[in-house]
$ cat protein_31.tsv   # TSV, C-alpha atoms
chain	number	residue	atom	x	y	z
A	1	MET	CA	0.00	0.00	0.00
A	2	SER	CA	1.18	3.54	-0.64
A	3	GLN	CA	1.04	6.62	1.53
A	4	GLN	CA	-1.08	9.52	0.40
A	5	LYS	CA	0.07	13.04	1.23
A	6	LEU	CA	-2.74	15.56	1.67
A	7	GLU	CA	-2.85	19.22	2.58
A	8	GLN	CA	-5.86	20.35	4.61
A	9	ASN	CA	-7.03	23.80	5.71
A	10	VAL	CA	-7.09	23.47	9.50
A	11	ASN	CA	-7.84	26.35	11.86
A	12	GLY	CA	-6.30	28.97	9.60
A	13	ILE	CA	-3.24	27.00	8.45
A	14	HIS	CA	-2.32	24.49	5.78
A	15	MET	CA	-1.62	21.19	7.51
A	16	GLN	CA	0.14	18.33	5.77
A	17	VAL	CA	-0.90	14.78	6.63
A	18	SER	CA	0.14	11.32	5.50
A	19	ILE	CA	-2.62	8.71	5.22
A	20	ALA	CA	-2.16	5.01	4.50
A	21	GLY	CA	-4.23	1.86	4.74
A	22	GLU	CA	-7.82	1.04	5.64
A	23	GLY	CA	-9.58	0.12	8.84
A	24	PRO	CA	-10.02	1.70	12.27
A	25	PRO	CA	-8.21	5.05	12.59
A	26	LEU	CA	-4.75	5.13	14.16
A	27	LEU	CA	-3.53	8.70	14.72
A	28	LEU	CA	0.26	9.07	15.10
A	29	VAL	CA	1.36	12.33	16.73
A	30	HIS	CA	5.06	13.09	16.46
A	31	GLY	CA	7.50	14.46	19.01
A	32	PHE	CA	9.43	17.72	19.14
A	33	PRO	CA	10.98	19.09	16.92
A	34	LEU	CA	10.28	16.39	14.34
A	35	SER	CA	7.56	15.50	11.81
A	36	HIS	CA	5.42	12.54	10.76
A	37	ARG	CA	8.57	10.98	9.26
A	38	MET	CA	9.54	9.56	12.67
A	39	TRP	CA	6.63	7.11	12.30
A	40	GLN	CA	7.64	5.51	8.97
A	41	ALA	CA	8.10	2.05	10.52
A	42	GLN	CA	4.70	2.28	12.23
A	43	ILE	CA	2.97	3.54	9.07
A	44	ALA	CA	4.41	0.67	7.04
A	45	HIS	CA	3.39	-1.90	9.65
A	46	PHE	CA	-0.08	-0.76	10.67
A	47	GLN	CA	-1.47	0.24	7.27
A	48	GLN	CA	-2.27	-3.43	6.74
A	49	GLN	CA	-5.06	-3.25	9.35
A	50	TYR	CA	-5.67	0.42	10.14
A	51	THR	CA	-6.20	3.77	8.51
A	52	VAL	CA	-2.95	5.36	9.67
A	53	ILE	CA	-3.12	9.16	9.95
A	54	ALA	CA	0.24	10.85	10.53
A	55	PRO	CA	0.11	14.67	10.44
A	56	ASP	CA	2.84	17.25	10.57
A	57	LEU	CA	1.87	19.38	13.54
A	58	ARG	CA	1.54	23.15	13.21
A	59	GLY	CA	5.05	24.56	12.78
A	60	PHE	CA	6.72	21.33	11.66
A	61	GLY	CA	7.36	19.33	8.49
A	62	GLY	CA	5.15	20.43	5.64
A	63	SER	CA	2.63	22.33	7.79
A	64	ASP	CA	2.44	26.09	8.18
A	65	VAL	CA	4.30	27.87	10.95
A	66	THR	CA	2.63	30.09	13.55
A	67	VAL	CA	4.88	32.75	15.10
A	68	GLY	CA	4.59	33.22	18.87
A	69	THR	CA	3.27	30.46	21.11
A	70	VAL	CA	1.47	27.30	20.04
A	71	SER	CA	-0.17	25.66	23.05
A	72	MET	CA	-0.75	21.96	23.49
A	73	LYS	CA	-4.47	22.79	23.40
A	74	GLN	CA	-4.01	24.42	20.00
A	75	HIS	CA	-2.31	21.30	18.68
A	76	ALA	CA	-5.19	19.19	20.04
A	77	GLU	CA	-7.75	21.46	18.39
A	78	ASP	CA	-5.85	21.19	15.11
A	79	LEU	CA	-5.98	17.39	15.30
A	80	LYS	CA	-9.70	17.40	16.04
A	81	GLU	CA	-10.36	19.69	13.07
A	82	LEU	CA	-8.08	17.62	10.84
A	83	LEU	CA	-10.06	14.49	11.68
A	84	ALA	CA	-13.27	16.35	10.84
A	85	GLN	CA	-11.80	17.47	7.49
A	86	LEU	CA	-10.83	13.86	6.75
A	87	GLU	CA	-14.37	12.75	7.70
A	88	VAL	CA	-13.08	10.45	10.43
A	89	ASP	CA	-16.17	10.11	12.60
A	90	GLU	CA	-15.32	7.16	14.82
A	91	PRO	CA	-13.10	7.50	17.90
A	92	VAL	CA	-9.39	7.16	17.17
A	93	ASN	CA	-6.53	5.16	18.58
A	94	PHE	CA	-4.28	8.08	19.56
A	95	CYS	CA	-0.53	7.37	19.66
A	96	GLY	CA	1.74	10.22	20.74
A	97	LEU	CA	5.43	10.45	21.54
A	98	SER	CA	6.82	12.99	24.03
A	99	MET	CA	5.17	16.29	22.96
A	100	GLY	CA	2.58	14.10	21.21
A	101	GLY	CA	1.73	12.77	24.68
A	102	TYR	CA	1.30	16.29	26.06
A	103	ILE	CA	-1.12	16.91	23.21
A	104	ALA	CA	-2.93	13.66	24.02
A	105	TRP	CA	-3.86	14.93	27.49
A	106	GLU	CA	-5.45	18.06	25.99
A	107	PHE	CA	-7.19	15.99	23.33
A	108	TRP	CA	-8.69	13.83	26.09
A	109	ARG	CA	-9.72	16.88	28.13
A	110	HIS	CA	-11.52	18.63	25.28
A	111	PHE	CA	-12.60	15.80	22.94
A	112	PRO	CA	-12.99	12.64	25.05
A	113	GLU	CA	-15.68	11.30	22.73
A	114	LYS	CA	-13.09	11.23	19.91
A	115	LEU	CA	-10.76	8.83	21.77
A	116	LYS	CA	-10.91	5.06	21.72
A	117	THR	CA	-7.47	4.23	23.12
A	118	LEU	CA	-4.27	6.00	24.13
A	119	ILE	CA	-0.75	4.86	23.30
A	120	LEU	CA	1.75	7.10	25.08
A	121	CYS	CA	5.41	6.76	24.14
A	122	ASP	CA	8.22	8.28	26.21
A	123	THR	CA	6.21	11.14	27.67
A	124	ARG	CA	4.98	12.51	30.98
A	125	SER	CA	1.84	14.05	32.49
A	126	ASP	CA	3.27	16.63	34.90
A	127	ALA	CA	4.09	20.25	34.05
A	128	ASP	CA	7.63	21.58	33.76
A	129	THR	CA	9.62	22.61	36.82
A	130	GLU	CA	10.96	26.16	36.95
A	131	GLU	CA	14.28	24.81	35.71
A	132	GLY	CA	12.51	22.97	32.88
A	133	VAL	CA	10.73	26.15	31.79
A	134	SER	CA	14.00	28.08	31.93
A	135	ASN	CA	15.77	25.48	29.79
A	136	ARG	CA	13.00	25.58	27.19
A	137	LEU	CA	13.17	29.36	26.94
A	138	LYS	CA	16.96	29.22	26.61
A	139	MET	CA	16.49	26.86	23.67
A	140	VAL	CA	13.99	29.28	22.12
A	141	ASP	CA	16.55	32.08	22.33
A	142	LEU	CA	19.34	29.89	20.97
A	143	VAL	CA	17.30	28.66	17.99
A	144	LEU	CA	16.00	32.10	17.06
A	145	ARG	CA	19.52	33.56	17.23
A	146	HIS	CA	21.53	30.77	15.62
A	147	GLY	CA	19.07	28.39	13.95
A	148	PRO	CA	18.26	24.72	14.59
A	149	GLU	CA	21.86	23.74	13.78
A	150	ALA	CA	22.77	25.12	17.21
A	151	ILE	CA	20.68	22.44	19.00
A	152	ALA	CA	20.47	19.45	16.64
A	153	SER	CA	23.59	17.50	17.60
A	154	ALA	CA	23.31	18.45	21.26
A	155	MET	CA	19.81	16.92	21.45
A	156	ILE	CA	20.89	13.44	20.30
A	157	PRO	CA	22.19	12.08	23.66
A	158	ASN	CA	18.79	12.95	25.18
A	159	LEU	CA	16.85	11.37	22.32
A	160	LEU	CA	18.76	8.13	21.68
A	161	SER	CA	20.36	5.60	24.02
A	162	LYS	CA	24.10	5.02	23.83
A	163	THR	CA	23.34	1.56	22.43
A	164	SER	CA	21.28	3.04	19.60
A	165	ARG	CA	23.91	5.68	18.87
A	166	ASP	CA	26.64	3.04	18.68
A	167	LEU	CA	24.72	0.40	16.72
A	168	TYR	CA	22.61	2.60	14.45
A	169	PRO	CA	24.47	5.88	13.77
A	170	GLU	CA	22.20	6.47	10.77
A	171	ILE	CA	19.26	7.08	13.16
A	172	ALA	CA	21.17	9.92	14.80
A	173	GLN	CA	22.18	11.32	11.40
A	174	ASP	CA	18.56	11.29	10.19
A	175	LEU	CA	17.35	13.00	13.39
A	176	ILE	CA	20.01	15.70	13.14
A	177	ALA	CA	19.05	16.35	9.52
A	178	GLU	CA	15.36	16.57	10.43
A	179	ILE	CA	15.96	18.94	13.34
A	180	GLU	CA	18.25	21.15	11.25
A	181	ALA	CA	15.54	21.35	8.57
A	182	ALA	CA	12.90	22.50	11.07
A	183	ASP	CA	11.68	26.09	11.06
A	184	PRO	CA	13.16	28.14	13.96
A	185	GLU	CA	9.82	29.89	14.60
A	186	GLY	CA	8.02	26.54	14.63
A	187	ILE	CA	10.48	25.18	17.17
A	188	ALA	CA	10.15	28.30	19.31
A	189	ALA	CA	6.35	28.35	19.23
A	190	SER	CA	5.87	24.78	20.45
A	191	GLN	CA	8.73	25.04	22.92
A	192	ARG	CA	6.95	28.02	24.50
A	193	GLY	CA	3.71	26.02	24.44
A	194	MET	CA	5.33	23.09	26.25
A	195	ALA	CA	6.77	25.45	28.87
A	196	GLU	CA	3.22	26.65	29.62
A	197	ARG	CA	1.49	23.27	29.53
A	198	ASP	CA	-0.88	22.14	32.28
A	199	ASP	CA	-0.21	19.42	34.84
A	200	PHE	CA	-2.40	16.32	34.30
A	201	LEU	CA	-0.88	14.02	36.92
A	202	ASP	CA	-3.76	14.37	39.39
A	203	VAL	CA	-6.50	13.74	36.82
A	204	LEU	CA	-5.10	10.58	35.24
A	205	ASP	CA	-7.55	8.49	37.27
A	206	GLN	CA	-10.37	10.11	35.28
A	207	ILE	CA	-9.14	8.77	31.92
A	208	GLN	CA	-11.40	5.75	31.55
A	209	ILE	CA	-10.11	4.26	28.30
A	210	PRO	CA	-7.55	1.55	27.55
A	211	ALA	CA	-4.00	2.92	27.55
A	212	LEU	CA	-0.61	1.51	26.67
A	213	LEU	CA	2.53	3.26	27.88
A	214	ILE	CA	5.80	2.52	26.10
A	215	VAL	CA	9.17	3.66	27.42
A	216	GLY	CA	12.79	3.04	26.58
A	217	SER	CA	14.75	1.59	29.50
A	218	ASP	CA	17.51	4.16	28.91
A	219	ASP	CA	15.23	7.17	28.41
A	220	VAL	CA	16.86	10.07	30.28
A	221	LEU	CA	14.06	12.59	29.59
A	222	THR	CA	11.07	10.50	30.69
A	223	PRO	CA	12.56	7.54	32.59
A	224	PRO	CA	10.66	4.28	33.17
A	225	ASP	CA	9.76	5.11	36.78
A	226	ILE	CA	7.88	8.23	35.63
A	227	MET	CA	5.87	6.28	33.09
A	228	GLN	CA	5.24	3.40	35.50
A	229	GLU	CA	3.75	5.89	37.97
A	230	MET	CA	1.49	7.23	35.23
A	231	ALA	CA	0.39	3.70	34.34
A	232	ALA	CA	-0.44	3.03	37.99
A	233	ARG	CA	-2.68	6.11	38.08
A	234	LEU	CA	-4.48	5.40	34.80
A	235	PRO	CA	-7.44	3.02	35.43
A	236	GLU	CA	-6.92	0.84	32.32
A	237	ALA	CA	-3.20	1.10	31.58
A	238	SER	CA	-0.22	-1.17	31.15
A	239	CYS	CA	3.41	-0.13	30.74
A	240	ARG	CA	5.90	-1.79	28.39
A	241	GLU	CA	9.60	-1.08	28.90
A	242	ILE	CA	11.77	-1.58	25.82
A	243	PRO	CA	15.35	-2.54	26.71
A	244	ARG	CA	18.46	-0.61	25.60
A	245	VAL	CA	16.62	2.24	23.89
A	246	GLY	CA	16.08	5.87	24.81
A	247	HIS	CA	13.46	8.57	24.25
A	248	MET	CA	12.72	7.60	20.64
A	249	ALA	CA	11.59	4.03	21.30
A	250	PRO	CA	9.36	3.74	18.17
A	251	LEU	CA	12.35	4.73	16.02
A	252	GLU	CA	15.08	2.87	17.93
A	253	ALA	CA	13.19	-0.42	18.40
A	254	ALA	CA	10.44	-0.32	15.79
A	255	GLU	CA	9.80	-4.08	15.80
A	256	GLU	CA	9.35	-4.35	19.54
A	257	VAL	CA	7.22	-1.22	19.73
A	258	ASN	CA	5.05	-2.33	16.79
A	259	GLN	CA	4.50	-5.70	18.45
A	260	ALA	CA	3.50	-4.09	21.76
A	261	MET	CA	1.11	-1.74	19.95
A	262	GLU	CA	-0.35	-4.53	17.84
A	263	GLU	CA	-1.07	-6.73	20.86
A	264	PHE	CA	-2.68	-3.83	22.71
A	265	LEU	CA	-4.80	-2.72	19.75
A	266	ALA	CA	-5.95	-6.27	19.01
A	267	VAL	CA	-7.49	-6.50	22.47
A	268	ALA	CA	-8.92	-2.97	22.28
A	269	ARG	CA	-10.70	-3.73	18.96
$ encode --input "protein_31.tsv" --output "structure tokens"
Amino acid sequence: MSQQKLEQNVNGIHMQVSIAGEGPPLLLVHGFPLSHRMWQAQIAHFQQQYTVIAPDLRGFGGSDVTVGTVSMKQHAEDLKELLAQLEVDEPVNFCGLSMGGYIAWEFWRHFPEKLKTLILCDTRSDADTEEGVSNRLKMVDLVLRHGPEAIASAMIPNLLSKTSRDLYPEIAQDLIAEIEAADPEGIAASQRGMAERDDFLDVLDQIQIPALLIVGSDDVLTPPDIMQEMAARLPEASCREIPRVGHMAPLEAAEEVNQAMEEFLAVAR
């Protein structure tokens, strides 16, 4: 099956989306500061059984950039409108990595009727600490002054495990190229939005849908203990730890992640 690239008018911007396959909708929401391309292994695998919808979020990939701040709520509203434009009426299986997970919480808060399941990869539900906010705003300043090249290589040790960097250097090279190609204003807008995001930790017990949490054992940004705590608070959640990978588990260990997702979705169907 082939992927179809579409451009949709969504909340005042042109939003690019990749669609492949047929069946129940599986929405793949990428991390920061990437694009739908991070999901290529998942798109190829799941298009056999699902309609796989992989957008470029506002400010990234082939979608328009908004200058200023793009909140996680704005991203969630964009996804809801995109689904409406695509005439996807049934609730979706929502899979988000890192920032995609932050967006998932807002999507649940505002459009719970649109959610069938949640798959949360290498993410967290609490808000940033003061230090976390400060670090995000420093990155904003750095990117706007010197471009994405100033952050691309430095991000890799936080995104990939040492094992992945040693065994699969091409993954790091591809990520660096993708980050360097990102729009500085797009990076800045979502980074500001993440700095302002709400804390969802204390409302996780209200999310009454099946959830799968996936985390790399060597993830330094959202370590396994953080995701295991989230799984314990979610009423219908399980947590799968993928050995020897970092923050980009779906990219670093595509086979294992795809298998975990497939088993979870088969039960949820």
$ closest_atom_pairs --input "protein_31.tsv" --of "region 105-173 of chain A" --to "region 184-194 of chain A" --cutoff "12 Å" --atoms "only C-alpha atoms" --output "JSON lines"
{"residue": "A:Glu106", "atom": "CA", "partner": "A:Met194", "partner_atom": "CA", "distance": 11.9}
{"residue": "A:Arg124", "atom": "CA", "partner": "A:Met194", "partner_atom": "CA", "distance": 11.6}
{"residue": "A:Ser125", "atom": "CA", "partner": "A:Met194", "partner_atom": "CA", "distance": 11.5}
{"residue": "A:Asp126", "atom": "CA", "partner": "A:Met194", "partner_atom": "CA", "distance": 11.0}
{"residue": "A:Ala127", "atom": "CA", "partner": "A:Met194", "partner_atom": "CA", "distance": 8.4}
{"residue": "A:Asp128", "atom": "CA", "partner": "A:Met194", "partner_atom": "CA", "distance": 8.0}
{"residue": "A:Thr129", "atom": "CA", "partner": "A:Met194", "partner_atom": "CA", "distance": 11.4}
{"residue": "A:Gly132", "atom": "CA", "partner": "A:Met194", "partner_atom": "CA", "distance": 9.8}
{"residue": "A:Val133", "atom": "CA", "partner": "A:Met194", "partner_atom": "CA", "distance": 8.3}
{"residue": "A:Ser134", "atom": "CA", "partner": "A:Arg192", "partner_atom": "CA", "distance": 10.2}
{"residue": "A:Asn135", "atom": "CA", "partner": "A:Gln191", "partner_atom": "CA", "distance": 9.8}
{"residue": "A:Arg136", "atom": "CA", "partner": "A:Gln191", "partner_atom": "CA", "distance": 6.1}
{"residue": "A:Leu137", "atom": "CA", "partner": "A:Arg192", "partner_atom": "CA", "distance": 6.8}
{"residue": "A:Lys138", "atom": "CA", "partner": "A:Gln191", "partner_atom": "CA", "distance": 9.9}
{"residue": "A:Met139", "atom": "CA", "partner": "A:Ala188", "partner_atom": "CA", "distance": 7.8}
{"residue": "A:Val140", "atom": "CA", "partner": "A:Ala188", "partner_atom": "CA", "distance": 4.9}
{"residue": "A:Asp141", "atom": "CA", "partner": "A:Ala188", "partner_atom": "CA", "distance": 8.0}
{"residue": "A:Leu142", "atom": "CA", "partner": "A:Ala188", "partner_atom": "CA", "distance": 9.5}
{"residue": "A:Val143", "atom": "CA", "partner": "A:Pro184", "partner_atom": "CA", "distance": 5.8}
{"residue": "A:Leu144", "atom": "CA", "partner": "A:Pro184", "partner_atom": "CA", "distance": 5.8}
{"residue": "A:Arg145", "atom": "CA", "partner": "A:Pro184", "partner_atom": "CA", "distance": 9.0}
{"residue": "A:His146", "atom": "CA", "partner": "A:Pro184", "partner_atom": "CA", "distance": 8.9}
{"residue": "A:Gly147", "atom": "CA", "partner": "A:Pro184", "partner_atom": "CA", "distance": 5.9}
{"residue": "A:Pro148", "atom": "CA", "partner": "A:Pro184", "partner_atom": "CA", "distance": 6.2}
{"residue": "A:Glu149", "atom": "CA", "partner": "A:Pro184", "partner_atom": "CA", "distance": 9.8}
{"residue": "A:Ala150", "atom": "CA", "partner": "A:Pro184", "partner_atom": "CA", "distance": 10.6}
{"residue": "A:Ile151", "atom": "CA", "partner": "A:Pro184", "partner_atom": "CA", "distance": 10.7}
{"residue": "A:Ala152", "atom": "CA", "partner": "A:Ile187", "partner_atom": "CA", "distance": 11.5}
$ closest_residue --input "protein_31.tsv" --among "A:Glu180, A:Glu7, A:Glu236, A:Asp202" --to "Pro33 (chain A)" --atoms "all atoms listed in the file"
A:Glu180
$ atom_distance --input "protein_31.tsv" --atom1 "CA of Pro235 (chain A)" --atom2 "CA of Glu77 (chain A)"
25.1 Å
$ residues_around --input "protein_31.tsv" --residues "Tyr50 (chain A)" --least-positions-apart "5" --cutoff "8 Å" --atoms "all atoms listed in the file" --output "ChimeraX atom specification"
/A:21-26
$ residues_near_point --input "protein_31.tsv" --point "(-2.0, -2.3, 32.3)" --cutoff "10 Å" --atoms "only C-alpha atoms" --output "ChimeraX atom specification"
/A:210-213,228,231-232,234-240,264
$ write_last_selection --input "protein_31.tsv" --atoms "C-alpha atoms" --output "PDB file, in the coordinates of the input"
ATOM      1  CA  PRO A 210      -7.550   1.550  27.550  1.00  0.00           C
ATOM      2  CA  ALA A 211      -4.000   2.920  27.550  1.00  0.00           C
ATOM      3  CA  LEU A 212      -0.610   1.510  26.670  1.00  0.00           C
ATOM      4  CA  LEU A 213       2.530   3.260  27.880  1.00  0.00           C
ATOM      5  CA  GLN A 228       5.240   3.400  35.500  1.00  0.00           C
ATOM      6  CA  ALA A 231       0.390   3.700  34.340  1.00  0.00           C
ATOM      7  CA  ALA A 232      -0.440   3.030  37.990  1.00  0.00           C
ATOM      8  CA  LEU A 234      -4.480   5.400  34.800  1.00  0.00           C
ATOM      9  CA  PRO A 235      -7.440   3.020  35.430  1.00  0.00           C
ATOM     10  CA  GLU A 236      -6.920   0.840  32.320  1.00  0.00           C
ATOM     11  CA  ALA A 237      -3.200   1.100  31.580  1.00  0.00           C
ATOM     12  CA  SER A 238      -0.220  -1.170  31.150  1.00  0.00           C
ATOM     13  CA  CYS A 239       3.410  -0.130  30.740  1.00  0.00           C
ATOM     14  CA  ARG A 240       5.900  -1.790  28.390  1.00  0.00           C
ATOM     15  CA  PHE A 264      -2.680  -3.830  22.710  1.00  0.00           C
TER      16      PHE A 264
END
$ atom_distance --input "protein_31.tsv" --atom1 "CA of Ile53 (chain A)" --atom2 "CA of Gln8 (chain A)"
12.7 Å
$ residues_around --input "protein_31.tsv" --residues "Glu255 (chain A)" --least-positions-apart "5" --cutoff "12 Å" --atoms "only C-alpha atoms" --output "ChimeraX atom specification"
/A:40-42,44-46,242,249-250,260-262
$ residues_around --input "protein_31.tsv" --residues "Cys121 (chain A)" --least-positions-apart "3" --cutoff "10 Å" --atoms "all atoms listed in the file" --output "VMD selection string"
chain A and resid 30 to 31 95 to 101 118 124 212 to 216 222 227 239 to 240 247 to 250 257
$ closest_residue --input "protein_31.tsv" --among "A:Thr66, A:Arg37, A:Lys80, A:Gln3" --to "Thr51 (chain A)" --atoms "all atoms listed in the file"
A:Gln3
$ closest_residue --input "protein_31.tsv" --among "A:Lys114, A:Ile43, A:Glu130, A:Ile13" --to "Ala195 (chain A)" --atoms "all atoms listed in the file"
A:Glu130
$ closest_residue --input "protein_31.tsv" --among "A:Lys116, A:Arg269, A:Arg58, A:Arg244" --to "His36 (chain A)" --atoms "only C-alpha atoms"
A:Arg58
$ closest_residue --input "protein_31.tsv" --among "A:Val245, A:Leu6, A:Leu204, A:Ile119" --to "Glu263 (chain A)" --atoms "all atoms listed in the file"
A:Ile119
$ atom_distance --input "protein_31.tsv" --atom1 "CA of Pro112 (chain A)" --atom2 "CA of His14 (chain A)"
25.0 Å
$ residues_around --input "protein_31.tsv" --residues "Arg109 (chain A)" --least-positions-apart "3" --cutoff "12 Å" --atoms "all atoms listed in the file" --output "list in words"
Met72, Lys73, Ala76, Glu77, Tyr102, Ile103, Ala104, Trp105, Glu106, Pro112, Glu113, Lys114, Leu115, Asp198, Asp199, Phe200, Val203, Leu204, Gln206, Ile207 and Gln208 of chain A
